[in-house]
$ cat entry_3.txt   # compact mmCIF, C-alpha atoms
# COMPACT_ATOMS: atom_id res chain seq x y z
CA GLY A 1 87.98 113.16 37.65
CA GLU A 2 84.87 111.74 36.06
CA PRO A 3 84.23 108.50 34.14
CA ASP A 4 82.62 109.17 30.76
CA PHE A 5 80.49 106.02 31.09
CA ASP A 6 76.84 106.16 32.05
CA THR A 7 75.65 104.71 35.36
CA PRO A 8 74.73 101.01 34.84
CA VAL A 9 71.06 100.48 33.94
CA ASN A 10 70.24 98.27 36.94
CA ILE A 11 71.30 101.04 39.32
CA LYS A 12 69.22 103.67 37.52
CA GLU A 13 66.21 101.36 37.49
CA ALA A 14 66.54 100.76 41.23
CA ALA A 15 66.45 104.51 41.87
CA LYS A 16 63.43 104.94 39.58
CA LYS A 17 61.62 102.15 41.39
CA ALA A 18 62.46 103.72 44.74
CA LEU A 19 60.93 107.01 43.59
CA ASP A 20 57.77 105.25 42.47
CA GLN A 21 57.60 103.56 45.87
CA GLY A 22 57.81 106.86 47.71
CA ALA A 23 61.50 107.08 48.65
CA THR A 24 61.25 110.87 48.71
CA HIS A 25 61.59 111.54 52.45
CA TYR A 26 64.49 112.00 54.86
CA THR A 27 66.56 109.07 55.99
CA THR A 28 68.35 108.95 59.32
CA ASN A 29 71.32 111.34 59.30
CA ALA A 30 73.81 108.45 59.01
CA GLY A 31 72.02 107.06 55.96
CA LEU A 32 69.71 104.15 55.21
CA ILE A 33 70.52 101.21 57.46
CA GLU A 34 69.96 98.98 54.42
CA LEU A 35 72.79 100.77 52.62
CA ARG A 36 75.08 100.83 55.65
CA GLN A 37 74.60 97.07 56.03
CA ALA A 38 75.43 96.55 52.34
CA ILE A 39 78.55 98.70 52.76
CA ALA A 40 79.58 96.70 55.85
CA GLU A 41 79.20 93.45 53.90
CA LYS A 42 81.26 94.85 51.02
CA LEU A 43 83.99 96.09 53.37
CA LYS A 44 84.31 92.73 55.09
CA LYS A 45 84.27 90.67 51.89
CA GLU A 46 86.45 92.85 49.66
CA ASN A 47 88.61 94.92 51.99
CA GLY A 48 88.93 92.85 55.16
CA ILE A 49 87.50 95.72 57.21
CA ASN A 50 85.08 94.99 60.06
CA ALA A 51 82.70 97.90 60.53
CA ASP A 52 79.50 98.02 62.58
CA PRO A 53 76.83 99.44 60.25
CA THR A 54 74.98 101.02 63.16
CA SER A 55 77.89 102.97 64.61
CA GLN A 56 80.96 102.95 62.35
CA ILE A 57 79.59 103.93 58.93
CA CYS A 58 78.14 107.24 57.76
CA VAL A 59 76.65 107.64 54.28
CA THR A 60 77.73 111.00 52.87
CA VAL A 61 77.05 113.34 49.97
CA GLY A 62 79.92 111.93 47.94
CA SER A 63 83.32 110.96 49.30
CA GLN A 64 84.24 114.65 49.19
CA GLU A 65 81.82 115.32 52.06
CA ALA A 66 83.26 112.28 53.83
CA ALA A 67 86.69 113.93 53.71
CA PHE A 68 85.21 117.20 54.97
CA LEU A 69 83.44 115.51 57.90
CA ALA A 70 86.49 113.46 58.84
CA LEU A 71 88.81 116.46 58.93
CA MET A 72 86.35 118.86 60.57
CA CYS A 73 85.66 116.35 63.34
CA THR A 74 89.29 115.57 64.17
CA VAL A 75 91.50 118.56 63.31
CA GLU A 76 91.83 121.59 65.59
CA ARG A 77 93.81 124.82 65.56
CA GLY A 78 97.52 124.05 65.80
CA ASP A 79 97.20 120.51 64.41
CA GLU A 80 99.33 119.56 61.42
CA VAL A 81 98.04 117.26 58.69
CA LEU A 82 100.58 115.67 56.33
CA ILE A 83 99.38 115.57 52.73
CA PRO A 84 101.27 113.79 49.91
CA GLU A 85 101.64 116.12 46.94
CA PRO A 86 100.93 116.26 44.08
CA GLY A 87 97.56 115.27 45.46
CA TYR A 88 93.87 116.02 45.44
CA TYR A 89 93.24 119.66 46.37
CA THR A 90 90.28 119.05 48.70
CA TYR A 91 92.45 117.65 51.52
CA ARG A 92 94.40 120.89 51.87
CA ASN A 93 91.22 122.98 51.66
CA CYS A 94 89.43 120.96 54.34
CA VAL A 95 92.41 121.08 56.70
CA GLN A 96 92.48 124.86 56.37
CA MET A 97 88.73 125.11 56.96
CA ALA A 98 89.23 123.07 60.13
CA ASP A 99 91.84 125.66 61.20
CA GLY A 100 94.64 123.10 60.92
CA THR A 101 97.94 123.41 59.07
CA PRO A 102 98.48 121.36 55.89
CA ILE A 103 102.05 120.08 55.54
CA SER A 104 103.18 118.95 52.10
CA VAL A 105 105.05 115.64 51.72
CA PRO A 106 106.55 115.73 48.21
CA LEU A 107 106.11 112.56 46.19
CA LYS A 108 109.11 111.53 44.10
CA GLU A 109 108.90 110.55 40.47
CA GLU A 110 111.83 108.14 40.91
CA SER A 111 109.72 106.29 43.52
CA ASN A 112 106.77 106.10 41.13
CA PHE A 113 105.06 108.76 43.29
CA ARG A 114 104.46 106.30 46.13
CA LEU A 115 104.42 107.76 49.63
CA GLY A 116 107.58 106.47 51.29
CA PRO A 117 107.53 105.94 55.08
CA ALA A 118 111.04 107.43 55.38
CA ASP A 119 109.99 110.64 53.59
CA LEU A 120 106.90 110.81 55.74
CA GLU A 121 108.80 110.38 58.99
CA LYS A 122 111.00 113.39 58.17
CA LYS A 123 107.90 115.61 58.24
CA LEU A 124 106.48 114.35 61.54
CA THR A 125 106.41 116.70 64.52
CA SER A 126 104.75 116.79 67.92
CA LYS A 127 101.89 118.66 66.22
CA THR A 128 101.16 115.95 63.62
CA LYS A 129 97.51 114.95 64.02
CA MET A 130 96.91 113.05 60.80
CA VAL A 131 98.44 111.71 57.61
CA VAL A 132 96.36 111.54 54.44
CA ILE A 133 96.90 108.72 51.96
CA ASN A 134 95.21 108.22 48.60
CA SER A 135 95.74 104.95 46.77
CA PRO A 136 95.23 104.59 43.85
CA CYS A 137 96.21 108.24 43.66
CA ASN A 138 94.73 111.30 42.01
CA PRO A 139 96.59 112.68 40.01
CA THR A 140 99.67 110.43 39.76
CA GLY A 141 98.06 107.01 39.32
CA SER A 142 100.41 105.49 41.93
CA VAL A 143 99.39 102.49 44.04
CA MET A 144 100.76 101.93 47.54
CA THR A 145 102.07 98.51 48.47
CA LYS A 146 101.09 96.44 51.47
CA ASN A 147 104.55 97.06 52.96
CA ASP A 148 104.15 100.83 52.48
CA LEU A 149 100.87 100.82 54.36
CA GLN A 150 102.09 98.62 57.19
CA ALA A 151 105.14 100.85 57.68
CA ILE A 152 102.96 103.97 57.83
CA ASP A 153 100.64 102.24 60.29
CA GLU A 154 103.62 101.52 62.54
CA LEU A 155 104.59 105.19 62.36
CA ALA A 156 101.03 106.17 63.30
CA ILE A 157 101.20 104.03 66.42
CA LYS A 158 104.71 105.17 67.32
CA HIS A 159 103.97 108.88 66.87
CA ASP A 160 100.26 108.78 67.79
CA PHE A 161 98.53 110.19 64.70
CA LEU A 162 95.44 109.31 62.68
CA ILE A 163 95.44 108.04 59.09
CA LEU A 164 92.86 109.24 56.58
CA SER A 165 92.74 106.76 53.69
CA ASP A 166 90.92 107.83 50.53
CA GLU A 167 90.15 104.66 48.55
CA ILE A 168 87.70 106.00 45.98
CA TYR A 169 89.76 104.59 43.06
CA GLU A 170 90.17 101.08 44.50
CA LYS A 171 88.41 99.39 41.57
CA ILE A 172 90.40 101.16 38.85
CA ILE A 173 93.75 99.40 39.02
CA TYR A 174 96.04 97.83 36.42
CA ASP A 175 98.82 95.33 35.72
CA ASN A 176 97.73 92.82 38.36
CA GLU A 177 98.33 95.39 41.11
CA LYS A 178 96.30 94.80 44.26
CA HIS A 179 94.52 97.37 46.37
CA HIS A 180 95.09 97.12 50.12
CA SER A 181 93.06 98.88 52.81
CA VAL A 182 95.21 100.16 55.66
CA ALA A 183 92.29 99.67 58.08
CA ALA A 184 92.48 95.92 57.42
CA LEU A 185 96.24 95.86 57.99
CA SER A 186 96.40 98.16 61.00
CA LYS A 187 97.37 96.97 64.46
CA GLU A 188 95.18 99.77 65.85
CA PRO A 189 92.29 100.12 63.37
CA ASP A 190 90.52 102.69 65.57
CA ARG A 191 93.04 105.28 64.38
CA ILE A 192 92.18 104.68 60.70
CA ILE A 193 89.50 106.69 58.87
CA THR A 194 88.52 105.32 55.45
CA LEU A 195 86.74 107.20 52.66
CA ASN A 196 85.05 105.58 49.70
CA GLY A 197 82.03 105.95 47.47
CA PHE A 198 80.27 105.11 44.24
CA SER A 199 81.38 107.91 41.91
CA LYS A 200 84.32 106.25 40.17
CA ALA A 201 83.66 102.50 40.26
CA TYR A 202 80.01 102.77 39.22
CA ALA A 203 80.15 106.02 37.19
CA MET A 204 77.84 107.69 39.71
CA THR A 205 79.53 111.06 40.16
CA GLY A 206 76.28 113.04 39.90
CA TRP A 207 74.49 110.84 42.41
CA ARG A 208 76.66 112.21 45.23
CA ILE A 209 76.86 109.10 47.41
CA GLY A 210 79.95 108.26 49.45
CA TYR A 211 80.72 106.83 52.85
CA LEU A 212 82.94 107.32 55.85
CA ILE A 213 84.25 104.47 58.02
CA ALA A 214 85.79 105.21 61.41
CA ASN A 215 85.56 104.48 65.11
CA LYS A 216 82.30 105.16 66.95
CA GLU A 217 83.40 108.50 68.36
CA ILE A 218 84.42 109.98 65.02
CA ILE A 219 81.31 108.66 63.27
CA GLY A 220 79.13 109.99 66.08
CA GLN A 221 80.55 113.48 65.68
CA SER A 222 80.41 113.22 61.87
CA VAL A 223 76.70 112.35 61.98
CA LYS A 224 76.07 115.42 64.18
CA LEU A 225 77.92 117.65 61.72
CA GLN A 226 76.13 116.07 58.76
CA GLN A 227 72.80 116.75 60.48
CA SER A 228 73.58 120.47 60.56
CA ALA A 229 75.14 120.60 57.08
CA VAL A 230 72.95 118.50 54.77
CA ALA A 231 70.68 116.39 57.03
CA SER A 232 71.34 113.25 54.97
CA ALA A 233 72.24 112.00 51.52
CA THR A 234 69.45 111.78 48.94
CA THR A 235 67.11 108.90 49.71
CA PHE A 236 66.47 107.46 46.25
CA ALA A 237 70.17 107.83 45.38
CA GLN A 238 70.96 105.71 48.43
CA LYS A 239 68.53 103.08 47.11
CA GLY A 240 70.48 103.09 43.85
CA ALA A 241 73.69 102.63 45.82
CA VAL A 242 72.25 99.53 47.50
CA GLU A 243 71.66 98.04 44.06
CA ALA A 244 75.17 99.04 43.01
CA LEU A 245 76.63 96.90 45.81
CA LYS A 246 74.18 94.02 45.67
CA GLY A 247 73.56 93.83 41.93
CA PRO A 248 75.79 92.57 39.09
CA GLN A 249 79.39 93.80 39.23
CA ASP A 250 80.36 93.15 35.62
CA SER A 251 80.14 96.86 34.74
CA ILE A 252 83.11 97.58 37.02
CA ARG A 253 85.29 95.06 35.18
CA LYS A 254 84.26 96.37 31.75
CA MET A 255 84.99 99.99 32.67
CA ALA A 256 88.34 99.08 34.22
CA GLU A 257 89.31 97.12 31.10
CA GLU A 258 88.46 100.10 28.90
CA PHE A 259 90.41 102.47 31.16
CA ALA A 260 93.39 100.11 30.90
CA LYS A 261 93.29 100.24 27.08
CA ARG A 262 93.12 104.03 27.15
CA ARG A 263 95.93 104.19 29.69
CA ASP A 264 98.22 102.27 27.36
CA VAL A 265 97.38 104.52 24.39
CA ILE A 266 97.90 107.74 26.35
CA PHE A 267 101.11 106.49 27.96
CA GLU A 268 102.70 105.47 24.68
CA GLY A 269 101.56 108.68 23.00
CA LEU A 270 102.94 110.94 25.74
CA ARG A 271 106.31 109.19 25.62
CA GLN A 272 106.64 110.20 21.98
CA VAL A 273 106.09 113.89 22.64
CA LYS A 274 109.40 115.74 22.65
CA GLY A 275 110.14 117.13 26.10
CA PHE A 276 107.60 114.94 27.87
CA SER A 277 108.17 111.99 30.20
CA VAL A 278 105.65 110.09 32.26
CA VAL A 279 105.51 107.29 34.83
CA LYS A 280 103.09 104.57 33.75
CA PRO A 281 100.03 104.85 36.03
CA LYS A 282 99.15 101.77 38.09
CA GLY A 283 95.64 102.94 38.96
CA ALA A 284 92.96 105.66 38.64
CA PHE A 285 92.56 107.40 35.26
CA TYR A 286 95.23 110.10 35.20
CA ALA A 287 98.64 110.51 33.61
CA PHE A 288 100.94 112.90 35.49
CA VAL A 289 103.32 114.32 32.91
CA ASN A 290 106.82 115.67 33.55
CA ILE A 291 107.50 118.73 31.35
CA LYS A 292 110.78 119.90 32.95
CA LYS A 293 112.67 119.30 29.70
CA LEU A 294 110.62 122.08 28.15
CA GLY A 295 112.23 124.50 30.58
CA ARG A 296 108.95 125.37 32.32

$ encode --input "entry_3.txt" --output "structure tokens"
Amino acid sequence: GEPDFDTPVNIKEAAKKALDQGATHYTTNAGLIELRQAIAEKLKKENGINADPTSQICVTVGSQEAAFLALMCTVERGDEVLIPEPGYYTYRNCVQMADGTPISVPLKEESNFRLGPADLEKKLTSKTKMVVINSPCNPTGSVMTKNDLQAIDELAIKHDFLILSDEIYEKIIYDNEKHHSVAALSKEPDRIITLNGFSKAYAMTGWRIGYLIANKEIIGQSVKLQQSAVASATTFAQKGAVEALKGPQDSIRKMAEEFAKRRDVIFEGLRQVKGFSVVKPKGAFYAFVNIKKLGR
């Protein structure tokens, strides 16, 4: 799950400059206010999400820590968390560490691996605390539609559960598909927790900078847990992340265009392999191959 591109030069230079200027000390546990403000501006402009940088955003050590904080601060023993599968392994692991019960919601190839509200509703019980969504998806490359997200939001209100939306691949999307943030569509945005970061869009996996967006109570508890776990994300890496958001964005477009070319080559090649079939990915940089015809 790692871009093979190097981090854009302007971002690296910003971090170097920050080091030279003495950005080698702790930040507040929630992260640099300068970065949280830049994230809030990005969320409002690009995603339609209104988030108070002082109380609704926490800068994390990658989006993986954001998922860990979100689940540890909301899930208790006896709670069930619905996880679309195939999906990213960390959700299941974090639910189990929080003493919750992960419940698999199988994604169907004939539905292009999109999470269907009807399939989700069949898995809901009185113990359902949260539903995890990941769009664009690792590892299937599926992209959820606006209608999908609105229907799941209505289920969340009806059955009183939280939604954890992992949007780390939002910038890597193809064929004129559009990314939608459920927090912007929700009738009750306080029940939505959004994860994002810099690893995929800006090729910054090793920088370990992500962010968590949620209501004040969840962020408050997440900051407390972060304080005990890692104190804060790396200071000069946060300075680089500010530049990532505020600097030129052309690198994102160039990387996405290259991923699209590779996607087409891989897709066409896989289709020609005897015994293989594959749904054309709409986002991210994975191809999820069906090998059932091989008898395995």

$ residues_around --input "entry_3.txt" --residues "Met72 (chain A)" --least-positions-apart "4" --cutoff "9 Å" --atoms "only C-alpha atoms" --output "number ranges by chain"
A: 67-68, 76, 94-95, 97-99, 222, 225

$ closest_residue --input "entry_3.txt" --among "A:Ile157, A:Ala203, A:Ile291, A:Met130" --to "Asp6 (chain A)" --atoms "all atoms listed in the file"
A:Ala203

$ closest_residue --input "entry_3.txt" --among "A:Trp207, A:Tyr26, A:Phe161, A:Phe285" --to "Arg191 (chain A)" --atoms "all atoms listed in the file"
A:Phe161

$ residues_around --input "entry_3.txt" --residues "Pro139 (chain A)" --least-positions-apart "2" --cutoff "12 Å" --atoms "all atoms listed in the file" --output "number ranges by chain"
A: 1, 84-89, 107, 113-114, 134-137, 141-143, 169, 279, 281-289

$ closest_residue --input "entry_3.txt" --among "A:Val105, A:Ile172, A:Ala233, A:Leu149" --to "Arg263 (chain A)" --atoms "only C-alpha atoms"
A:Ile172

$ atom_distance --input "entry_3.txt" --atom1 "CA of Ala30 (chain A)" --atom2 "CA of Ser228 (chain A)"
12.1 Å

$ closest_residue --input "entry_3.txt" --among "A:Tyr174, A:Leu82, A:Thr140, A:Gly275" --to "Glu258 (chain A)" --atoms "all atoms listed in the file"
A:Tyr174

$ residues_near_point --input "entry_3.txt" --point "(70.3, 105.6, 50.2)" --cutoff "8 Å" --atoms "all atoms listed in the file" --output "VMD selection string"
chain A and resid 27 31 to 32 34 to 35 59 209 233 to 242

$ residues_around --input "entry_3.txt" --residues "Val132 (chain A)" --least-positions-apart "3" --cutoff "9 Å" --atoms "only C-alpha atoms" --output "PyMOL selection string"
chain A and resi 81-84+91+162-166

$ closest_residue --input "entry_3.txt" --among "A:Gly220, A:Gly295, A:Pro248, A:Gly78" --to "Gln56 (chain A)" --atoms "all atoms listed in the file"
A:Gly220

$ atom_distance --input "entry_3.txt" --atom1 "CA of Phe267 (chain A)" --atom2 "CA of Arg92 (chain A)"
28.7 Å

$ closest_residue --input "entry_3.txt" --among "A:Tyr202, A:Glu110, A:Ile192, A:Thr74" --to "Asp250 (chain A)" --atoms "all atoms listed in the file"
A:Tyr202

$ decode --input "entry_3.txt" --residues "region 121-217 of chain A" --atoms "C-alpha atoms" --output "compact mmCIF listing (two decimals), in the first residue's frame"
# COMPACT_ATOMS: atom_id res chain seq x y z
CA GLU A 121 -28.79 -3.84 7.30
CA LYS A 122 -28.94 -7.65 7.45
CA LYS A 123 -25.94 -7.62 9.80
CA LEU A 124 -27.22 -4.95 12.19
CA THR A 125 -28.12 -5.96 15.74
CA SER A 126 -28.84 -4.19 19.01
CA LYS A 127 -25.10 -4.50 19.73
CA THR A 128 -23.95 -2.66 16.58
CA LYS A 129 -21.81 0.28 17.70
CA MET A 130 -20.13 1.24 14.45
CA VAL A 131 -19.86 0.58 10.73
CA VAL A 132 -16.53 1.03 8.97
CA ILE A 133 -16.43 2.28 5.39
CA ASN A 134 -13.38 2.72 3.17
CA SER A 135 -13.80 4.49 -0.16
CA PRO A 136 -11.85 4.29 -2.40
CA CYS A 137 -11.24 0.83 -0.99
CA ASN A 138 -8.16 -1.18 -0.11
CA PRO A 139 -7.92 -3.84 -1.61
CA THR A 140 -10.81 -3.87 -4.10
CA GLY A 141 -10.51 -0.40 -5.65
CA SER A 142 -14.26 0.16 -5.30
CA VAL A 143 -15.74 3.64 -4.88
CA MET A 144 -18.98 4.25 -2.99
CA THR A 145 -21.63 6.44 -4.55
CA LYS A 146 -23.35 9.40 -2.97
CA ASN A 147 -26.57 7.37 -2.77
CA ASP A 148 -24.74 4.52 -1.02
CA LEU A 149 -23.40 6.87 1.63
CA GLN A 150 -26.69 8.67 2.20
CA ALA A 151 -28.49 5.34 2.63
CA ILE A 152 -25.92 4.16 5.18
CA ASP A 153 -26.21 7.48 7.01
CA GLU A 154 -29.97 6.97 7.27
CA LEU A 155 -29.36 3.49 8.71
CA ALA A 156 -26.94 4.98 11.24
CA ILE A 157 -29.60 7.39 12.46
CA LYS A 158 -32.34 4.77 12.47
CA HIS A 159 -30.29 2.16 14.34
CA ASP A 160 -28.11 4.57 16.34
CA PHE A 161 -24.55 3.60 15.35
CA LEU A 162 -21.38 5.50 14.46
CA ILE A 163 -19.72 5.53 11.04
CA LEU A 164 -15.95 5.38 10.69
CA SER A 165 -15.00 6.61 7.21
CA ASP A 166 -11.45 5.96 6.01
CA GLU A 167 -10.79 8.34 3.11
CA ILE A 168 -7.03 7.98 2.74
CA TYR A 169 -7.33 7.15 -1.00
CA GLU A 170 -9.64 10.05 -1.89
CA LYS A 171 -7.20 11.58 -4.38
CA ILE A 172 -6.50 8.35 -6.27
CA ILE A 173 -9.67 7.90 -8.29
CA TYR A 174 -10.38 7.14 -11.95
CA ASP A 175 -12.87 7.35 -14.82
CA ASN A 176 -14.43 10.64 -13.71
CA GLU A 177 -15.62 9.02 -10.47
CA LYS A 178 -16.15 11.46 -7.61
CA HIS A 179 -15.20 11.01 -4.00
CA HIS A 180 -17.89 11.89 -1.45
CA SER A 181 -17.36 12.36 2.28
CA VAL A 182 -20.18 10.92 4.36
CA ALA A 183 -19.59 13.59 7.03
CA ALA A 184 -20.60 16.24 4.48
CA LEU A 185 -23.74 14.33 3.51
CA SER A 186 -24.84 13.24 6.97
CA LYS A 187 -27.97 14.55 8.65
CA GLU A 188 -26.22 13.96 11.99
CA PRO A 189 -22.52 14.65 11.33
CA ASP A 190 -21.63 14.21 15.01
CA ARG A 191 -21.94 10.45 14.54
CA ILE A 192 -19.36 10.42 11.71
CA ILE A 193 -15.64 9.87 12.34
CA THR A 194 -13.38 10.58 9.36
CA LEU A 195 -9.81 9.37 8.85
CA ASN A 196 -7.37 10.79 6.34
CA GLY A 197 -3.71 11.60 5.94
CA PHE A 198 -0.81 12.39 3.66
CA SER A 199 0.66 8.96 2.93
CA LYS A 200 -1.06 8.13 -0.36
CA ALA A 201 -1.87 11.46 -2.01
CA TYR A 202 1.53 13.02 -1.33
CA ALA A 203 3.69 9.87 -1.24
CA MET A 204 4.49 10.53 2.42
CA THR A 205 4.11 7.06 3.92
CA GLY A 206 7.32 7.27 5.95
CA TRP A 207 6.46 10.67 7.38
CA ARG A 208 3.67 9.13 9.47
CA ILE A 209 1.21 12.03 9.44
CA GLY A 210 -2.55 11.49 9.43
CA TYR A 211 -5.58 13.09 11.01
CA LEU A 212 -8.81 12.26 12.76
CA ILE A 213 -11.99 14.34 12.45
CA ALA A 214 -14.86 13.79 14.88
CA ASN A 215 -17.08 15.48 17.42
CA LYS A 216 -15.51 17.27 20.39
CA GLU A 217 -16.04 14.41 22.82
